[in-house]
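Next comes final.cif, a file with mmCIF, C-alpha atoms.
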data_input
#
loop_
_atom_site.label_atom_id
_atom_site.label_comp_id
_atom_site.auth_asym_id
_atom_site.auth_seq_id
_atom_site.Cartn_x
_atom_site.Cartn_y
_atom_site.Cartn_z
CA MET Y 54 -101.51 33.99 16.51
CA ALA Y 55 -104.14 34.52 13.87
CA LYS Y 56 -103.42 33.00 10.46
CA GLY Y 57 -103.79 36.39 8.83
CA ASN Y 58 -100.91 37.80 10.88
CA VAL Y 59 -98.58 34.93 10.09
CA LYS Y 60 -99.36 35.13 6.39
CA ALA Y 61 -98.96 38.90 6.31
CA GLU Y 62 -95.66 39.10 8.14
CA GLY Y 63 -94.15 35.72 7.30
CA PRO Y 64 -91.29 34.13 9.23
CA MET Y 65 -90.44 37.31 11.15
CA VAL Y 66 -93.47 36.95 13.45
CA LEU Y 67 -92.16 34.22 15.75
CA PRO Y 68 -88.62 35.60 16.23
CA ARG Y 69 -90.10 39.03 16.92
CA ALA Y 70 -92.61 37.62 19.41
CA PHE Y 71 -89.97 35.60 21.25
CA SER Y 72 -87.61 38.59 21.38
CA LEU Y 73 -90.42 40.72 22.75
CA LEU Y 74 -91.31 38.19 25.47
CA ARG Y 75 -87.66 37.84 26.46
CA MET Y 76 -87.34 41.62 26.61
CA LEU Y 77 -90.37 41.96 28.90
CA ALA Y 78 -89.20 39.05 31.07
CA GLU Y 79 -85.96 40.91 31.74
CA ASN Y 80 -87.71 44.06 32.97
CA SER Y 81 -90.81 43.70 35.11
CA GLN Y 82 -91.47 47.47 34.80
CA GLY Y 83 -92.40 47.05 31.15
CA TYR Y 84 -91.66 49.01 27.98
CA SER Y 85 -93.50 51.55 25.88
CA LEU Y 86 -94.27 50.95 22.22
CA SER Y 87 -91.46 53.32 21.23
CA ALA Y 88 -88.95 51.50 23.45
CA ILE Y 89 -89.98 48.12 22.07
CA ALA Y 90 -89.70 49.34 18.48
CA SER Y 91 -86.28 50.78 19.21
CA HIS Y 92 -85.03 47.68 21.01
CA LEU Y 93 -86.23 45.31 18.28
CA ASP Y 94 -85.22 47.73 15.53
CA VAL Y 95 -88.60 47.58 13.76
CA PRO Y 96 -91.13 50.30 12.87
CA LYS Y 97 -93.99 50.82 15.31
CA SER Y 98 -96.48 50.00 12.57
CA SER Y 99 -94.88 46.57 12.08
CA LEU Y 100 -95.35 45.72 15.74
CA SER Y 101 -99.09 46.26 15.88
CA SER Y 102 -100.21 42.78 14.80
CA THR Y 103 -97.64 41.06 17.02
CA LEU Y 104 -98.64 43.11 20.07
CA ARG Y 105 -102.34 42.61 19.35
CA ALA Y 106 -102.00 38.83 19.00
CA LEU Y 107 -99.92 38.43 22.15
CA THR Y 108 -102.31 40.68 24.08
CA ASP Y 109 -105.38 38.79 22.86
CA GLN Y 110 -103.83 35.52 24.02
CA GLY Y 111 -102.82 36.91 27.41
CA TYR Y 112 -99.06 36.67 26.97
CA ILE Y 113 -98.67 40.42 27.40
CA ARG Y 114 -100.92 43.17 28.74
CA ARG Y 115 -101.11 46.95 28.77
CA GLN Y 116 -100.43 48.87 31.95
CA GLY Y 117 -100.98 52.50 31.07
CA THR Y 118 -98.60 53.26 28.22
CA LEU Y 119 -96.41 50.26 29.00
CA TYR Y 120 -96.50 46.63 27.92
CA ILE Y 121 -95.71 43.98 30.54
CA LEU Y 122 -95.91 40.18 30.69
CA GLY Y 123 -99.40 38.74 31.01
CA SER Y 124 -100.67 35.80 33.05
CA GLU Y 125 -100.38 33.31 30.18
CA ALA Y 126 -96.63 33.94 29.94
CA PHE Y 127 -96.20 33.05 33.61
CA SER Y 128 -98.50 30.04 33.24
CA LEU Y 129 -96.48 28.74 30.29
CA ALA Y 130 -93.16 29.24 32.12
CA SER Y 131 -94.49 27.44 35.21
CA ALA Y 132 -95.76 24.52 33.12
CA ILE Y 133 -92.39 24.14 31.38
CA LEU Y 134 -90.40 24.25 34.63
CA ALA Y 135 -92.83 21.94 36.44
CA GLY Y 136 -92.15 19.25 33.86
CA GLN Y 137 -88.40 19.30 34.47
CA THR Y 138 -86.16 18.50 37.39
CA PHE Y 139 -83.33 20.82 38.29
CA ARG Y 140 -80.83 18.33 36.91
CA GLN Y 141 -82.70 18.24 33.59
CA ILE Y 142 -82.64 22.02 33.40
CA ALA Y 143 -78.91 22.18 34.13
CA ARG Y 144 -77.74 19.18 32.08
CA PRO Y 145 -77.54 20.95 28.66
CA TYR Y 146 -75.31 23.61 30.22
CA LEU Y 147 -72.99 20.99 31.68
CA GLU Y 148 -72.67 19.45 28.24
CA GLN Y 149 -72.02 22.85 26.65
CA ILE Y 150 -69.19 23.53 29.11
CA ARG Y 151 -67.60 20.17 28.37
CA GLU Y 152 -67.85 20.92 24.66
CA LYS Y 153 -66.10 24.26 25.17
CA THR Y 154 -63.41 23.10 27.59
CA GLY Y 155 -63.05 19.38 26.96
CA GLU Y 156 -62.99 18.90 30.74
CA THR Y 157 -65.20 17.25 33.38
CA VAL Y 158 -68.11 19.38 34.61
CA VAL Y 159 -69.87 18.90 37.95
CA LEU Y 160 -73.17 20.13 39.40
CA ALA Y 161 -73.41 20.24 43.19
CA GLU Y 162 -75.85 21.17 45.94
CA LEU Y 163 -75.37 21.88 49.64
CA ASP Y 164 -75.59 18.65 51.60
CA ALA Y 165 -78.15 18.29 54.38
CA ASP Y 166 -75.38 18.48 56.98
CA GLN Y 167 -74.48 22.01 55.80
CA ARG Y 168 -70.81 21.04 55.96
CA ASN Y 169 -70.31 19.47 52.56
CA VAL Y 170 -71.38 19.76 48.95
CA ILE Y 171 -72.79 16.72 47.21
CA TYR Y 172 -72.32 16.01 43.50
CA VAL Y 173 -75.77 15.61 41.93
CA ASP Y 174 -74.75 15.40 38.27
CA ALA Y 175 -71.64 15.38 36.10
CA VAL Y 176 -70.42 14.96 32.54
CA GLU Y 177 -66.92 13.58 32.29
CA SER Y 178 -64.13 14.61 29.99
CA GLN Y 179 -63.29 12.17 27.23
CA LYS Y 180 -59.56 12.82 27.61
CA SER Y 181 -57.40 9.96 28.85
CA VAL Y 182 -56.14 12.07 31.77
CA ARG Y 183 -59.21 13.63 33.39
CA PHE Y 184 -60.99 14.48 36.61
CA VAL Y 185 -63.14 11.46 37.52
CA VAL Y 186 -66.21 11.90 39.75
CA GLN Y 187 -69.03 9.85 41.21
CA ILE Y 188 -72.58 11.12 41.67
CA GLY Y 189 -73.31 11.35 45.38
CA MET Y 190 -69.70 12.12 46.28
CA ARG Y 191 -69.27 14.70 49.05
CA ARG Y 192 -66.59 17.34 49.46
CA PRO Y 193 -65.99 19.78 52.37
CA LEU Y 194 -67.12 23.36 51.92
CA TYR Y 195 -63.83 24.94 52.96
CA ALA Y 196 -61.62 23.04 50.51
CA ALA Y 197 -63.56 22.45 47.29
CA SER Y 198 -64.21 25.27 44.80
CA LEU Y 199 -67.88 24.22 44.71
CA GLY Y 200 -68.07 24.28 48.50
CA ARG Y 201 -66.47 27.70 48.80
CA ILE Y 202 -69.22 29.11 46.57
CA PHE Y 203 -71.75 28.17 49.26
CA LEU Y 204 -69.46 29.30 52.07
CA ALA Y 205 -68.97 32.72 50.46
CA ASN Y 206 -72.72 33.23 50.09
CA MET Y 207 -73.71 32.18 53.60
CA PRO Y 208 -74.96 34.82 56.06
CA ASP Y 209 -72.16 35.80 58.45
CA ALA Y 210 -73.80 34.06 61.43
CA GLN Y 211 -74.21 30.81 59.53
CA ARG Y 212 -70.62 30.87 58.32
CA GLU Y 213 -69.41 31.62 61.86
CA ALA Y 214 -71.34 28.60 63.15
CA TYR Y 215 -69.78 26.49 60.41
CA TYR Y 216 -66.24 27.53 61.40
CA ASN Y 217 -67.00 26.75 65.05
CA ASN Y 218 -68.14 23.22 64.22
CA VAL Y 219 -65.68 22.01 61.62
CA VAL Y 220 -62.05 20.95 61.77
CA LEU Y 221 -60.09 22.53 58.91
CA GLU Y 222 -57.92 19.52 58.18
CA ARG Y 223 -55.38 19.47 55.38
CA PHE Y 224 -55.95 17.14 52.42
CA THR Y 225 -52.84 18.27 50.55
CA GLU Y 226 -49.84 20.48 51.25
CA THR Y 227 -51.71 23.47 49.81
CA THR Y 228 -55.09 22.99 51.51
CA ILE Y 229 -56.10 26.16 53.35
CA SER Y 230 -56.52 25.13 56.98
CA ASP Y 231 -56.18 28.56 58.61
CA ARG Y 232 -59.45 30.37 59.27
CA VAL Y 233 -58.06 33.86 58.63
CA GLU Y 234 -56.57 32.78 55.32
CA LEU Y 235 -59.79 31.01 54.38
CA GLU Y 236 -61.84 34.13 55.09
CA LYS Y 237 -59.59 36.08 52.73
CA ALA Y 238 -60.26 33.49 50.02
CA VAL Y 239 -64.00 33.64 50.73
CA GLU Y 240 -64.03 37.43 50.46
CA LEU Y 241 -62.30 37.23 47.09
CA ILE Y 242 -64.95 34.76 45.91
CA ARG Y 243 -67.68 37.22 46.88
CA GLU Y 244 -65.96 39.95 44.91
CA LYS Y 245 -65.46 37.83 41.79
CA ASP Y 246 -68.65 35.75 42.18
CA MET Y 247 -66.66 32.65 41.25
CA ALA Y 248 -64.18 30.34 42.97
CA GLU Y 249 -60.87 28.78 42.06
CA ALA Y 250 -59.12 26.00 43.97
CA PHE Y 251 -55.77 24.52 43.00
CA GLY Y 252 -54.84 21.21 44.60
CA GLN Y 253 -56.98 21.81 47.69
CA VAL Y 254 -58.80 18.47 48.02
CA SER Y 255 -56.62 16.51 45.62
CA ALA Y 256 -53.11 17.61 44.72
CA GLU Y 257 -53.77 16.62 41.13
CA VAL Y 258 -56.97 18.60 40.49
CA ALA Y 259 -57.98 22.25 40.10
CA GLY Y 260 -61.57 23.47 40.20
CA PHE Y 261 -63.28 26.54 38.75
CA ALA Y 262 -66.81 27.11 40.10
CA ALA Y 263 -69.72 29.54 39.81
CA PRO Y 264 -72.99 29.94 41.74
CA ILE Y 265 -76.49 29.13 40.55
CA ARG Y 266 -79.18 31.37 42.07
CA ASN Y 267 -82.96 31.12 42.23
CA SER Y 268 -85.48 33.92 41.71
CA ASP Y 269 -84.87 35.16 45.28
CA GLY Y 270 -81.14 35.46 44.65
CA LEU Y 271 -80.28 32.54 46.93
CA VAL Y 272 -77.49 30.17 45.89
CA VAL Y 273 -79.20 26.82 45.39
CA ALA Y 274 -76.42 25.02 43.53
CA ALA Y 275 -72.96 25.46 42.07
CA ILE Y 276 -71.34 24.35 38.84
CA ALA Y 277 -67.66 23.65 38.33
CA VAL Y 278 -65.06 22.48 35.84
CA GLY Y 279 -62.55 20.00 37.24
CA VAL Y 280 -59.17 20.05 35.50
CA PRO Y 281 -55.97 18.03 36.04
CA MET Y 282 -53.30 20.32 37.49
CA SER Y 283 -51.09 19.65 34.46
CA ARG Y 284 -53.59 21.61 32.30
CA ALA Y 285 -55.14 23.93 34.88
CA MET Y 286 -53.26 27.18 34.30
CA LYS Y 287 -53.23 26.80 30.53
CA GLU Y 288 -57.01 26.26 30.43
CA ARG Y 289 -57.94 28.58 33.28
CA LYS Y 290 -59.36 31.44 31.22
CA VAL Y 291 -61.61 29.33 29.00
CA CYS Y 292 -62.82 27.29 31.99
CA VAL Y 293 -63.63 30.34 34.11
CA ASP Y 294 -65.43 32.02 31.23
CA ALA Y 295 -67.49 28.92 30.43
CA VAL Y 296 -68.52 28.12 33.99
CA VAL Y 297 -69.42 31.73 34.89
CA LYS Y 298 -71.59 32.11 31.79
CA ALA Y 299 -73.31 28.77 32.42
CA GLY Y 300 -74.00 29.60 36.07
CA ALA Y 301 -75.55 32.91 35.03
CA ALA Y 302 -77.61 31.25 32.29
CA ILE Y 303 -79.04 28.57 34.59
CA SER Y 304 -79.80 31.24 37.19
CA ARG Y 305 -81.75 33.16 34.57
CA VAL Y 306 -83.80 30.06 33.78
CA LEU Y 307 -84.61 29.80 37.49
CA GLY Y 308 -85.81 33.41 37.48
CA TYR Y 309 -82.81 35.22 38.90
CA ARG Y 310 -82.30 38.80 37.72
CA PRO Y 311 -79.21 40.71 38.93
CA GLY Y 312 -80.22 43.88 40.71
CA GLY Y 313 -83.72 42.62 41.33
CA THR Y 314 -85.15 43.83 38.01
CA GLY Y 315 -86.86 40.55 37.28
#
Would you give me this structure, written as structure tokens?
Amino acid sequence: MAKGNVKAEGPMVLPRAFSLLRMLAENSQGYSLSAIASHLDVPKSSLSSTLRALTDQGYIRRQGTLYILGSEAFSLASAILAGQTFRQIARPYLEQIREKTGETVVLAELDADQRNVIYVDAVESQKSVRFVVQIGMRRPLYAASLGRIFLANMPDAQREAYYNNVVLERFTETTISDRVELEKAVELIREKDMAEAFGQVSAEVAGFAAPIRNSDGLVVAAIAVGVPMSRAMKERKVCVDAVVKAGAAISRVLGYRPGGTG
């Protein structure tokens, strides 16, 4: 931005510019000057220098009476994402969940065999009694909360093929090993867009998981809080809230917009 604009408007310029870019990123159709002024709660006259500077630098552009993101905004976003791995992008959110819940948080992806999830990152609880994980550990889709996220978001044909090629063995007394019962659990996950599993893989652990989607809406990873059963029900609400919000936030970073408005 030009020095004159910064001097004239002071410290409000950057927050206003960032809010404007975020606003346009969330709606690819764009906004009129009146809508922007209303959304940011500032007079139209106060927006002129900010809009002019961002337009001159290519971060926004005019399309009729609407303002939309410009090529420089996409270039900057691509450069930022290109310099980070998926684990680096997700790691701050894992740490935030642990801070909120005090419990172990795990990031997982679908394994190459399409039958298991694989833990790709984790931050462990600092409590003496905690869920302990190892990076690279695999868990079956049908039993783990993380795995059920992928199972619930598979196309019907792919999930059918999975059922036909896997033995639903029991790991604990409560492991769901009946296909009909499992399908009911999967349907509930689709409705809630999150998964819960109590003592399914280990009798001593509960998991609360949420999906992470890319810009095409495809589930590319899942994030979960692992909690000892002794604390699971007491901490359920805060864990579910934290993991769902984190999954949505990471998805937004990857370009996902619910309803396809991105």
List the residues matched by the PyMOL selection byres ((chain Y and resi 242) around 12) in the displayed structure as a ChimeraX atom specification, ordered by chain and then by residue number. /Y:198-207,235-241,243-250,261-264
Please expand the PyMOL selection byres ((chain Y and resi 260) around 10) into the concrete residues it hits in this file, giving the result as number ranges by chain. Y: 157-159, 184, 197-199, 248-254, 258-259, 261-262, 276-282, 285, 289, 292-293
Selection in question (the file shown): the PyMOL selection byres ((chain Y and resi 310) around 9). Which residues does it include, as an mmCIF file with C-alpha atoms, in the frame of the given file?
data_model
loop_
_atom_site.group_PDB
_atom_site.id
_atom_site.type_symbol
_atom_site.label_atom_id
_atom_site.label_comp_id
_atom_site.auth_asym_id
_atom_site.auth_seq_id
_atom_site.Cartn_x
_atom_site.Cartn_y
_atom_site.Cartn_z
ATOM 1 C CA GLU Y 79 -85.960 40.910 31.740
ATOM 2 C CA ASN Y 80 -87.710 44.060 32.970
ATOM 3 C CA ASN Y 267 -82.960 31.120 42.230
ATOM 4 C CA SER Y 268 -85.480 33.920 41.710
ATOM 5 C CA ASP Y 269 -84.870 35.160 45.280
ATOM 6 C CA GLY Y 270 -81.140 35.460 44.650
ATOM 7 C CA SER Y 304 -79.800 31.240 37.190
ATOM 8 C CA ARG Y 305 -81.750 33.160 34.570
ATOM 9 C CA GLY Y 308 -85.810 33.410 37.480
ATOM 10 C CA TYR Y 309 -82.810 35.220 38.900
ATOM 11 C CA PRO Y 311 -79.210 40.710 38.930
ATOM 12 C CA GLY Y 312 -80.220 43.880 40.710
ATOM 13 C CA GLY Y 313 -83.720 42.620 41.330
ATOM 14 C CA THR Y 314 -85.150 43.830 38.010
ATOM 15 C CA GLY Y 315 -86.860 40.550 37.280
#
Expected answer as a list in words: all residues with atoms within 9 Å of (-75.0, 12.9, 41.7), all atoms listed in the file: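 Taken together, the residues in range are Val159, Leu160, Ala161, Ile171, Tyr172, Val173, Asp174, Ala175, Gln187, Ile188, Gly189 and Met190 of chain Y.
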Work out how far atom CA of Y:Leu271 is from atom CA of Y:Arg75, in Å to one decimal.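 Distance between the two atoms: 22.4 Å.
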The residue from Y:Leu122, Y:Leu67, Y:Ala210, Y:Val219 with the smallest atom-to-atom distance to Y:Ser81, counting only C-alpha atoms, is Y:Leu122
Could you tell me how far atom CA of Y:Glu156 sits from atom CA of Y:Ser178, in Å to one decimal place?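 The value is 4.5 Å.
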Compute the distance from (-85.1, 25.8, 40.8) to each atom, counting only C-alpha atoms, keep the residues with any atom at most 8 Å away, and return them as a short mmCIF file (atom, residue, chain, number, x, y, z; two decimals) with C-alpha atoms, keeping the file's coordinate frame; use the coordinates of the file.
data_model
loop_
_atom_site.label_atom_id
_atom_site.label_comp_id
_atom_site.auth_asym_id
_atom_site.auth_seq_id
_atom_site.Cartn_x
_atom_site.Cartn_y
_atom_site.Cartn_z
CA PHE Y 139 -83.33 20.82 38.29
CA ASN Y 267 -82.96 31.12 42.23
CA VAL Y 273 -79.20 26.82 45.39
CA LEU Y 307 -84.61 29.80 37.49
#
Separation of atom CA of Y:Tyr146 from atom CA of Y:Ile303, in Å and rounded to one decimal: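 So the answer is 7.6 Å.
Minimum atom-to-atom distance to Y:Arg168, evaluated using only C-alpha atoms, belongs to Y:Gln211 out of Y:Ser131, Y:Gln211, Y:Gln82, Y:Ser230.
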Got a minute to add N, CA and C atoms to stretch 150-164 of chain Y and dump it as a PDB file, in the frame of the given file?
ATOM      1  N   ILE Y 150     -70.494  23.211  28.518  1.00  0.00           N
ATOM      2  CA  ILE Y 150     -69.190  23.530  29.110  1.00  0.00           C
ATOM      3  C   ILE Y 150     -68.161  22.482  28.706  1.00  0.00           C
ATOM      4  N   ARG Y 151     -68.544  21.210  28.765  1.00  0.00           N
ATOM      5  CA  ARG Y 151     -67.600  20.170  28.370  1.00  0.00           C
ATOM      6  C   ARG Y 151     -67.192  20.329  26.912  1.00  0.00           C
ATOM      7  N   GLU Y 152     -68.152  20.710  26.071  1.00  0.00           N
ATOM      8  CA  GLU Y 152     -67.850  20.920  24.660  1.00  0.00           C
ATOM      9  C   GLU Y 152     -66.845  22.053  24.476  1.00  0.00           C
ATOM     10  N   LYS Y 153     -66.985  23.102  25.287  1.00  0.00           N
ATOM     11  CA  LYS Y 153     -66.100  24.260  25.170  1.00  0.00           C
ATOM     12  C   LYS Y 153     -64.712  24.000  25.759  1.00  0.00           C
ATOM     13  N   THR Y 154     -64.675  23.262  26.867  1.00  0.00           N
ATOM     14  CA  THR Y 154     -63.410  23.100  27.590  1.00  0.00           C
ATOM     15  C   THR Y 154     -62.759  21.731  27.388  1.00  0.00           C
ATOM     16  N   GLY Y 155     -63.568  20.731  27.078  1.00  0.00           N
ATOM     17  CA  GLY Y 155     -63.050  19.380  26.960  1.00  0.00           C
ATOM     18  C   GLY Y 155     -62.817  18.719  28.317  1.00  0.00           C
ATOM     19  N   GLU Y 156     -63.252  19.395  29.399  1.00  0.00           N
ATOM     20  CA  GLU Y 156     -62.990  18.900  30.740  1.00  0.00           C
ATOM     21  C   GLU Y 156     -64.267  18.426  31.453  1.00  0.00           C
ATOM     22  N   THR Y 157     -64.087  17.755  32.578  1.00  0.00           N
ATOM     23  CA  THR Y 157     -65.200  17.250  33.380  1.00  0.00           C
ATOM     24  C   THR Y 157     -65.948  18.411  34.042  1.00  0.00           C
ATOM     25  N   VAL Y 158     -67.271  18.329  34.026  1.00  0.00           N
ATOM     26  CA  VAL Y 158     -68.110  19.380  34.610  1.00  0.00           C
ATOM     27  C   VAL Y 158     -69.011  18.760  35.678  1.00  0.00           C
ATOM     28  N   VAL Y 159     -69.134  19.436  36.804  1.00  0.00           N
ATOM     29  CA  VAL Y 159     -69.870  18.900  37.950  1.00  0.00           C
ATOM     30  C   VAL Y 159     -70.928  19.883  38.439  1.00  0.00           C
ATOM     31  N   LEU Y 160     -72.085  19.354  38.801  1.00  0.00           N
ATOM     32  CA  LEU Y 160     -73.170  20.130  39.400  1.00  0.00           C
ATOM     33  C   LEU Y 160     -73.303  19.670  40.845  1.00  0.00           C
ATOM     34  N   ALA Y 161     -73.355  20.611  41.777  1.00  0.00           N
ATOM     35  CA  ALA Y 161     -73.410  20.240  43.190  1.00  0.00           C
ATOM     36  C   ALA Y 161     -74.430  21.073  43.952  1.00  0.00           C
ATOM     37  N   GLU Y 162     -74.939  20.486  45.036  1.00  0.00           N
ATOM     38  CA  GLU Y 162     -75.850  21.170  45.940  1.00  0.00           C
ATOM     39  C   GLU Y 162     -75.286  21.081  47.349  1.00  0.00           C
ATOM     40  N   LEU Y 163     -75.791  21.908  48.239  1.00  0.00           N
ATOM     41  CA  LEU Y 163     -75.370  21.880  49.640  1.00  0.00           C
ATOM     42  C   LEU Y 163     -75.961  20.638  50.289  1.00  0.00           C
ATOM     43  N   ASP Y 164     -75.120  19.856  50.947  1.00  0.00           N
ATOM     44  CA  ASP Y 164     -75.590  18.650  51.600  1.00  0.00           C
ATOM     45  C   ASP Y 164     -76.444  19.008  52.815  1.00  0.00           C
TER      46      ASP Y 164
END
